[in-house]
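All remarks here apply to the structure that follows.
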Amino acid sequence: MDEDCCVTQLIDANGNFNVEGLDNFMKKVKFINSGLSYAIVAIMGPQSSGKSTLLNHLFHTNFREMDAYKGRIQTTKGIWIAKCVGIQPFTIAMDLEGTDGRERGQDDTTFEKQSALFALSVSDIVLINMWCHDIGREHAANRPLLKTVFQVMMRLFSPRKTTLMFVIRDKTKTPLELLEPVLREDIQKIWVEVPKPQAHKNTPLSDFFNVEITALSSYEEKEENFKEEVAQLRQRFFHSISPGGLAGDRSGVVPASGFSFSAQQIWKVIKENKDLDLPAHKIMVATVRCEEIGNEKLSRLISDEGWLELEYAVQAGPVLGFGEKLSSVLEMYFSEYDMETIYYDEGVRNAKRQQLVSKALQFVHPAYTTMLGHLHYNALESFKTRLEQALHKGEGFAASVCTCTHSCMLEFDHECAEAAIRQANWDASEVRDKLRRDIDAHASSVCSAKLSEIIAIYEKQLTLALNEPVESLLEAGRRDTWASIRKLLKRETEAVVSDFSKTIAGFELKQTTVDSMVQKLRDYAINLVRKKAREDAGKVLIRMKDRFSTVFKQDNDSMPRVWTGKEDIRAITKDARSASLRLLSVLAAIRLSENPDKIENVLFSSLMDGAVAVPSSQDRSIKASRDPLASSTWEEVSPTDTLITPVQCKSLWRQFKAETEYIVTQAISAQEAHRKSNNWLPPPWAILAMIVLGFNEFMLLLRNPLYLMVLFILLLLSKALWVQMDIPREFQNSTTCYR
């Protein structure tokens with residue numbers, strides 16, 4: 001095997017396919033990397049017609065040549081291949097065993113037909129080596145060969161147009177211009193005579209073959225001319241597969257990576273079917289070829305710059321015209337597939353196309369999904385913005401949601417239609433449904449937030465309307481306190497509920513929802529009152545002492561009392577305690593219902609010794625043998641409405657009396673001191689002592705005015721000293737107040 005051209009026997013004389021040799025050949029010459037960029041040139045012709053010699057000079061190969069000194073014997077047995085050195089694109093030369101050789105005999109034409117069919121199946125260019133002197137002869141050596149070529153061509157599956165180059169060897173002085181018409185006439189005559197299938201009865205030769213004719217000088221007699229002519233012919237094999245090149249139809253060519261398998265299968269079918277009926281191989285080759293083409297198109301799609309730019313762009317955001325751009329990229333590769341597989345079996349071609357489409361769509365689907373994600377996000381954000389603007393303008397919530405939803409969904413549908421691709425019927429309904437759910441969820445969230453804001457506003461109104469008035473009423477502690485609170489609560493609650501109902505009308509809520517929200521507002525108002533009552537109940541002792549101090553130390557005109565000695569401290573104390581006890585009865589329980597209770601009656605009867613009259617409507621009959629305050633509950637009052645239990649009231653009252661007793665005591669002392677300060681005469685015992693012990697001095701003073709004056713001053717000083725020792729310091733000023 002030559003190092004450069006790697007001459008390898010592909011099929012031996014017995015018809016055995018050299019699989020290992022072909023695989024080694026493909027690896028060594030790196031044929032497997034050629035893809036579709038390669039050509040195969042085969043040569044046919046009579047035995048010992050110089051086929052191998054022509055190939056060696058034409059392609060710089062090293063096929064074995066006949067030794068003229070040893071006689072005309074069979075040199076090439078079977079089929080041999082070699083790499084054409086220095087030819088672009090990658091070209092393989094195929095040297096076939098010569099026809100009409102005596103070694104096989106006249107009757108054994110099976111291998112001749114098989115090798116011819118194989119060469120036509122895999123080759124782009126077939127060289128027909130013929131003698132110049134055979135042109136125009138009825139029994140020329142090349143006529144059986146041409147009949148064989150034409151016959152097997154008729155039996156090929158979806159034949160591709162092959163170039164037949166007739167190489168006239170050992171040309172004479174007759175110009176090629178005169179020989180060519182005669183040769184073409186012979187070729188046409190043979191074509192007409194060959195039996196054809198019904199479908200090709202009238203098919204011209206040009207539909208199957210590109211016929212080229214060239215002539216070469218004799219290698220033995222005119223070697224230099226031969227080499228020069230061969231060098232010129234060699235140039236025609238450069239870029240043979242390019243448009244306008246020497247190669248024929250390339251649409252059915254097998255990719256280089258699949259050539260070994262294809263060649264094996266072709267030869268296998270040819271060997272098993274001596275009648276050359278190859279429909280099964282047609283499907284096999286079509287399957288291999290279409291799959292290869294499909295994979296190649298998919299590979300190109302994956303690395304396509306337009307696709308890569310589109311994929312990169314869609315990751316960053318929505319792409320304008322996404323569907324049209326992606327459709328164009330896909331259509332380009334699908335169309336190329338259709339063009340390159342047009343000569344293959346329709347069923348296989350369509351099945352492999354469907355696989356290509358499926359794989360391509362599966363490959364680009366994530367980008368489409370990403371695009372839908374952007375459209376979903378933009379539509380949702382647009383809805384949020386539009387809804388906010390509509391609400392800012394004061395439009396009704398429900399109407400705004402309906403309008404914004406409709407417009408955003410229309411835009412989304414339009415953009416989805418633009419993002420769709422022509423080759424797929426992808427359904428965007430799931431994304432659309434999700435968008436609708438997200439819009440509804442956002443609308444619900446905004447609705448809840450807006451309603452919460454509105455409720456907070458009206459709760460604040462209730463707080464402002466109830467807190468201070470309720471606190472003031474509770475501080476007053478009158479018998480009608482709870483009636484006034486109920487009236488206030490009802491008035492303010494109804495006003496707020498009315499305004500609230502008008503405000504939320506634009507939300508178009510279900511009536512049950514509205515009723516629930518209104519009830520929550522009412523409950524909020526009630527809880528405000530309850531909370532305020534509990535707060536005040538916790539400060540009841542302070543409030544009672546304040547009330548006692550106010551009533552005890554101020555008169556009916558709210559002026560400070562002056563303890564002159566004429567006031568009835570006992571009655572005043574009783575009134576002050578009654579006022580404090582009434583405050584305790586008010587704060588003992590929450591009375592938001594109009595159900596009557598006996599709390600005030602029980603407290604006054606038990607703690608004021610029955611001395612304070614209570615309303616005639618209340619029950620006065622409390623048995624003396626039973627302590628009504630020795631209980632943790634009030635009759636006709638639920639535990640949830642109880643603020644201060646009877647036991648707690650009794651304890652608070654004892655503490656209250658203990659802490660206010662000092663005020664009463666001081667008032668009594670102040671009253672007594674006031675009486676003493678208004679008396680100018682000394683005590684009787686002092687007067688008697690003065691008369692008995694100071695009679696002489698008194699007479700002296702009467703005689704002396706100066707002594708009389710000194711005596712008067714001493715009396716005044718003694719009076720002042722007595723008052724100072726008898727009255728506590730804090731009661732020297734009768735207007736001093738105590739809390």
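Residues in the structure tokens are named by chain (A, B, ... in the order shown) and by number from 1 within that chain; ligands are numbered from 1 in the order shown.
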
Could you name the residues that touch Ile590 of chain A at 9 Å or less, counting only C-alpha atoms, but leaving out those on the same chain fewer than 4 positions away, as a list in words?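 Here the qualifying residues turn out to be Trp482, Val529, Arg530, Ala533, Arg534, Val586, Val637, Thr640, Asp641, Thr642 and Leu643 of chain A.
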
Output as a tab-separated table one row per residue of segment 282-386 of chain A within 12 Å of segment 24-38 of chain A: the closest atom pair and its distance in Å to one decimal place, counting only C-alpha atoms, sorted by chain and residue number ascending.
```
residue	atom	partner	partner_atom	distance
A:Arg289	CA	A:Leu36	CA	10.8
A:Glu292	CA	A:Gly35	CA	9.8
A:Ile293	CA	A:Leu36	CA	9.6
A:Asn295	CA	A:Gly35	CA	11.8
A:Glu296	CA	A:Gly35	CA	9.2
A:Glu340	CA	A:Leu36	CA	11.3
```

Extract, using only C-alpha atoms, all DNA, RNA and protein residues at most 8 Å from His674 of chain A, discarding same-chain residues fewer than 2 positions from it, and format them as a PyMOL selection string. chain A and resi 563-565+670-672+676-678+734

Using only C-alpha atoms, the residue out of A:Lys173, A:Arg522, A:Lys227, A:Arg479 with shortest distance to Pro596 of chain A is A:Arg479

So that I can see what lies close to Phe150 of chain A, please list as a VMD selection string the residues with an atom at most 10 Å from it, counting only C-alpha atoms and leaving out residues fewer than 4 positions away in the same chain. chain A and resid 116 to 117 120 144 to 146 154 to 155 187 190 to 196 205 208 to 209

Hey, can you spit out that residue selection with N, CA and C atoms as a PDB file, in the first residue's frame?
```
ATOM      1  N   ALA A 116     -20.047  -3.159 -12.403  1.00  0.00           N
ATOM      2  CA  ALA A 116     -20.546  -1.979 -13.119  1.00  0.00           C
ATOM      3  C   ALA A 116     -21.639  -1.286 -12.310  1.00  0.00           C
ATOM      4  N   LEU A 117     -22.577  -2.088 -11.774  1.00  0.00           N
ATOM      5  CA  LEU A 117     -23.654  -1.518 -10.956  1.00  0.00           C
ATOM      6  C   LEU A 117     -23.095  -0.851  -9.710  1.00  0.00           C
ATOM      7  N   LEU A 120     -21.508   2.493 -10.730  1.00  0.00           N
ATOM      8  CA  LEU A 120     -22.532   3.501 -11.005  1.00  0.00           C
ATOM      9  C   LEU A 120     -23.232   3.958  -9.723  1.00  0.00           C
ATOM     10  N   PRO A 144     -20.684  -4.354 -25.485  1.00  0.00           N
ATOM     11  CA  PRO A 144     -21.275  -5.096 -24.351  1.00  0.00           C
ATOM     12  C   PRO A 144     -21.154  -4.318 -23.035  1.00  0.00           C
ATOM     13  N   LEU A 145     -20.035  -3.628 -22.861  1.00  0.00           N
ATOM     14  CA  LEU A 145     -19.849  -2.850 -21.638  1.00  0.00           C
ATOM     15  C   LEU A 145     -20.893  -1.749 -21.522  1.00  0.00           C
ATOM     16  N   LEU A 146     -21.140  -1.023 -22.651  1.00  0.00           N
ATOM     17  CA  LEU A 146     -22.127   0.054 -22.606  1.00  0.00           C
ATOM     18  C   LEU A 146     -23.527  -0.491 -22.354  1.00  0.00           C
ATOM     19  N   MET A 154     -30.736   1.403 -15.437  1.00  0.00           N
ATOM     20  CA  MET A 154     -32.193   1.366 -15.396  1.00  0.00           C
ATOM     21  C   MET A 154     -32.709   0.714 -14.106  1.00  0.00           C
ATOM     22  N   ARG A 155     -31.883  -0.150 -13.545  1.00  0.00           N
ATOM     23  CA  ARG A 155     -32.324  -0.890 -12.366  1.00  0.00           C
ATOM     24  C   ARG A 155     -31.950  -0.204 -11.066  1.00  0.00           C
ATOM     25  N   ILE A 187     -23.460   5.544 -29.101  1.00  0.00           N
ATOM     26  CA  ILE A 187     -23.962   5.526 -27.704  1.00  0.00           C
ATOM     27  C   ILE A 187     -25.477   5.641 -27.691  1.00  0.00           C
ATOM     28  N   ILE A 190     -27.113   2.388 -28.833  1.00  0.00           N
ATOM     29  CA  ILE A 190     -27.110   1.377 -27.760  1.00  0.00           C
ATOM     30  C   ILE A 190     -28.175   1.713 -26.711  1.00  0.00           C
ATOM     31  N   TRP A 191     -28.334   2.979 -26.372  1.00  0.00           N
ATOM     32  CA  TRP A 191     -29.332   3.425 -25.386  1.00  0.00           C
ATOM     33  C   TRP A 191     -30.744   3.075 -25.853  1.00  0.00           C
ATOM     34  N   VAL A 192     -30.979   3.254 -27.149  1.00  0.00           N
ATOM     35  CA  VAL A 192     -32.312   2.968 -27.665  1.00  0.00           C
ATOM     36  C   VAL A 192     -32.590   1.462 -27.643  1.00  0.00           C
ATOM     37  N   GLU A 193     -31.562   0.686 -27.900  1.00  0.00           N
ATOM     38  CA  GLU A 193     -31.750  -0.759 -27.969  1.00  0.00           C
ATOM     39  C   GLU A 193     -31.923  -1.406 -26.595  1.00  0.00           C
ATOM     40  N   VAL A 194     -31.407  -0.769 -25.570  1.00  0.00           N
ATOM     41  CA  VAL A 194     -31.470  -1.361 -24.229  1.00  0.00           C
ATOM     42  C   VAL A 194     -32.921  -1.393 -23.743  1.00  0.00           C
ATOM     43  N   PRO A 195     -33.399  -2.534 -23.247  1.00  0.00           N
ATOM     44  CA  PRO A 195     -34.761  -2.593 -22.693  1.00  0.00           C
ATOM     45  C   PRO A 195     -34.886  -1.662 -21.472  1.00  0.00           C
ATOM     46  N   LYS A 196     -36.010  -0.973 -21.434  1.00  0.00           N
ATOM     47  CA  LYS A 196     -36.210  -0.003 -20.333  1.00  0.00           C
ATOM     48  C   LYS A 196     -37.541  -0.271 -19.652  1.00  0.00           C
ATOM     49  N   LEU A 205     -31.250   9.851 -23.008  1.00  0.00           N
ATOM     50  CA  LEU A 205     -30.008   9.480 -22.343  1.00  0.00           C
ATOM     51  C   LEU A 205     -29.500  10.585 -21.431  1.00  0.00           C
ATOM     52  N   PHE A 208     -30.027  10.637 -17.633  1.00  0.00           N
ATOM     53  CA  PHE A 208     -29.282   9.731 -16.771  1.00  0.00           C
ATOM     54  C   PHE A 208     -27.780  10.017 -16.758  1.00  0.00           C
ATOM     55  N   PHE A 209     -27.279  10.513 -17.892  1.00  0.00           N
ATOM     56  CA  PHE A 209     -25.836  10.666 -17.996  1.00  0.00           C
ATOM     57  C   PHE A 209     -25.464  12.017 -18.600  1.00  0.00           C
TER      58      PHE A 209
END
```

For Leu372 of chain A, please output as a list in words all residues within 9 Å (counting only C-alpha atoms; exclusion window: fewer than 6 positions along the same chain). Pro318, Glu415, Cys416, Ala419, Ala428 and Val431 of chain A

Could you give me, as a tab-separated table, a per-residue list for segment 271-382 of chain A showing, wherever an atom lies at most 9 Å from an atom of segment 395-412 of chain A, the closest pair of atoms and their distance in Å to one decimal, using only C-alpha atoms and sorting by chain then residue number from low to high?
```
residue	atom	partner	partner_atom	distance
A:Leu375	CA	A:Phe412	CA	6.6
A:His376	CA	A:Phe412	CA	7.3
A:Asn378	CA	A:Phe412	CA	8.7
A:Ala379	CA	A:Cys408	CA	5.8
A:Leu380	CA	A:Cys408	CA	7.8
A:Ser382	CA	A:Cys408	CA	7.0
```

Write a file of the selected residues as a CSV table (one decimal), in the first residue's frame, keeping C-alpha atoms.
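Once written, again.csv looks like this:
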```csv
chain,number,residue,atom,x,y,z
A,375,LEU,CA,-44.3,38.3,27.2
A,376,HIS,CA,-46.0,37.0,30.4
A,378,ASN,CA,-44.4,42.4,30.4
A,379,ALA,CA,-48.1,41.8,30.2
A,380,LEU,CA,-48.3,41.4,34.0
A,382,SER,CA,-48.3,46.4,32.1
```

Separation of atom CA of Arg422 of chain A from atom CA of Glu331 of chain A in Å: 8.7 Å

Skipping near chain neighbours, those fewer than 4 positions away, what residues fall within 6 Å of segment 570-584 of chain A using only C-alpha atoms, listed as number ranges by chain? A: 477, 544, 547-548, 551-552, 588

Any chance you can output those residues with N, CA and C atoms as a PDB file, in the first residue's frame?
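Contents of out_15.pdb, as written:
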```pdb
ATOM      1  N   GLY A 477     -69.171  59.008  85.042  1.00  0.00           N
ATOM      2  CA  GLY A 477     -69.723  58.026  85.981  1.00  0.00           C
ATOM      3  C   GLY A 477     -71.147  58.307  86.389  1.00  0.00           C
ATOM      4  N   MET A 544     -61.828  56.796  91.509  1.00  0.00           N
ATOM      5  CA  MET A 544     -62.725  56.947  92.667  1.00  0.00           C
ATOM      6  C   MET A 544     -62.175  57.968  93.662  1.00  0.00           C
ATOM      7  N   ARG A 547     -62.630  61.366  92.228  1.00  0.00           N
ATOM      8  CA  ARG A 547     -64.032  61.784  92.332  1.00  0.00           C
ATOM      9  C   ARG A 547     -64.371  62.176  93.774  1.00  0.00           C
ATOM     10  N   PHE A 548     -63.906  61.386  94.723  1.00  0.00           N
ATOM     11  CA  PHE A 548     -64.169  61.702  96.131  1.00  0.00           C
ATOM     12  C   PHE A 548     -63.555  63.056  96.502  1.00  0.00           C
ATOM     13  N   VAL A 551     -65.630  65.974  94.867  1.00  0.00           N
ATOM     14  CA  VAL A 551     -66.926  66.231  95.518  1.00  0.00           C
ATOM     15  C   VAL A 551     -66.736  66.723  96.947  1.00  0.00           C
ATOM     16  N   PHE A 552     -65.758  66.170  97.643  1.00  0.00           N
ATOM     17  CA  PHE A 552     -65.562  66.511  99.045  1.00  0.00           C
ATOM     18  C   PHE A 552     -64.979  67.918  99.216  1.00  0.00           C
ATOM     19  N   ALA A 588     -67.897  48.622  86.693  1.00  0.00           N
ATOM     20  CA  ALA A 588     -67.879  47.225  87.119  1.00  0.00           C
ATOM     21  C   ALA A 588     -68.193  46.278  85.967  1.00  0.00           C
TER      22      ALA A 588
END
```

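Those residues that approach His374 of chain A to within 10 Å, counting only C-alpha atoms, are A:Val314, A:Gln315, A:Ala316, A:Gly317, A:Pro318, A:Val319, A:Tyr368, A:Leu380; same-chain residues fewer than 6 positions away are not listed.
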
Residues of segment 370-479 of chain A within 12 Å of segment 486-507 of chain A: nearest atom pair and distance (Å, one decimal) for each, counting only C-alpha atoms, sorted by chain and number, as a tab-separated table?
```
residue	atom	partner	partner_atom	distance
A:Leu391	CA	A:Gly506	CA	10.6
A:Gly394	CA	A:Gly506	CA	9.9
A:Glu395	CA	A:Gly506	CA	8.1
A:Gly396	CA	A:Gly506	CA	4.5
A:Phe397	CA	A:Phe507	CA	5.0
A:Ala398	CA	A:Phe507	CA	4.9
A:Ala399	CA	A:Gly506	CA	7.6
A:Ser400	CA	A:Gly506	CA	9.5
A:Val401	CA	A:Phe507	CA	9.5
A:Cys402	CA	A:Phe507	CA	11.1
A:Ala443	CA	A:Phe507	CA	10.9
A:Ser444	CA	A:Phe507	CA	10.7
A:Val446	CA	A:Phe507	CA	11.0
A:Cys447	CA	A:Phe507	CA	7.8
A:Ser448	CA	A:Phe507	CA	10.4
A:Lys450	CA	A:Ile504	CA	9.5
A:Leu451	CA	A:Ile504	CA	7.7
A:Ser452	CA	A:Ile504	CA	11.1
A:Glu453	CA	A:Ile504	CA	11.3
A:Ile454	CA	A:Phe500	CA	7.8
A:Ile455	CA	A:Phe500	CA	7.9
A:Ala456	CA	A:Phe500	CA	10.9
A:Ile457	CA	A:Phe500	CA	9.5
A:Tyr458	CA	A:Val496	CA	6.5
A:Glu459	CA	A:Val496	CA	8.6
A:Lys460	CA	A:Val496	CA	10.3
A:Gln461	CA	A:Val496	CA	7.5
A:Leu462	CA	A:Glu492	CA	7.0
A:Thr463	CA	A:Glu492	CA	10.0
A:Leu464	CA	A:Glu492	CA	10.1
A:Ala465	CA	A:Glu492	CA	6.7
A:Leu466	CA	A:Leu489	CA	7.1
A:Asn467	CA	A:Leu489	CA	10.4
A:Glu468	CA	A:Leu488	CA	11.4
A:Pro469	CA	A:Leu488	CA	8.2
A:Val470	CA	A:Leu488	CA	8.2
A:Glu471	CA	A:Leu488	CA	11.9
A:Ser472	CA	A:Leu488	CA	11.9
A:Leu473	CA	A:Leu488	CA	10.1
```

Produce a table with one row for each residue of segment 14-53 of chain A that has an atom at most 9 Å from any atom of segment 123-131 of chain A, each row naming the nearest atom pair and its distance in Å at one decimal; use only C-alpha atoms; arrange rows by chain and rising residue number; format as JSON lines.
```
{"residue": "A:Ala39", "atom": "CA", "partner": "A:Asp124", "partner_atom": "CA", "distance": 6.0}
{"residue": "A:Ile40", "atom": "CA", "partner": "A:Ser123", "partner_atom": "CA", "distance": 4.8}
{"residue": "A:Val41", "atom": "CA", "partner": "A:Ile125", "partner_atom": "CA", "distance": 4.8}
{"residue": "A:Ala42", "atom": "CA", "partner": "A:Val126", "partner_atom": "CA", "distance": 4.8}
{"residue": "A:Ile43", "atom": "CA", "partner": "A:Leu127", "partner_atom": "CA", "distance": 4.4}
{"residue": "A:Met44", "atom": "CA", "partner": "A:Ile128", "partner_atom": "CA", "distance": 5.1}
{"residue": "A:Gly45", "atom": "CA", "partner": "A:Asn129", "partner_atom": "CA", "distance": 4.7}
{"residue": "A:Pro46", "atom": "CA", "partner": "A:Met130", "partner_atom": "CA", "distance": 7.2}
{"residue": "A:Ser49", "atom": "CA", "partner": "A:Asn129", "partner_atom": "CA", "distance": 7.0}
{"residue": "A:Gly50", "atom": "CA", "partner": "A:Asn129", "partner_atom": "CA", "distance": 8.0}
{"residue": "A:Lys51", "atom": "CA", "partner": "A:Asn129", "partner_atom": "CA", "distance": 6.6}
```
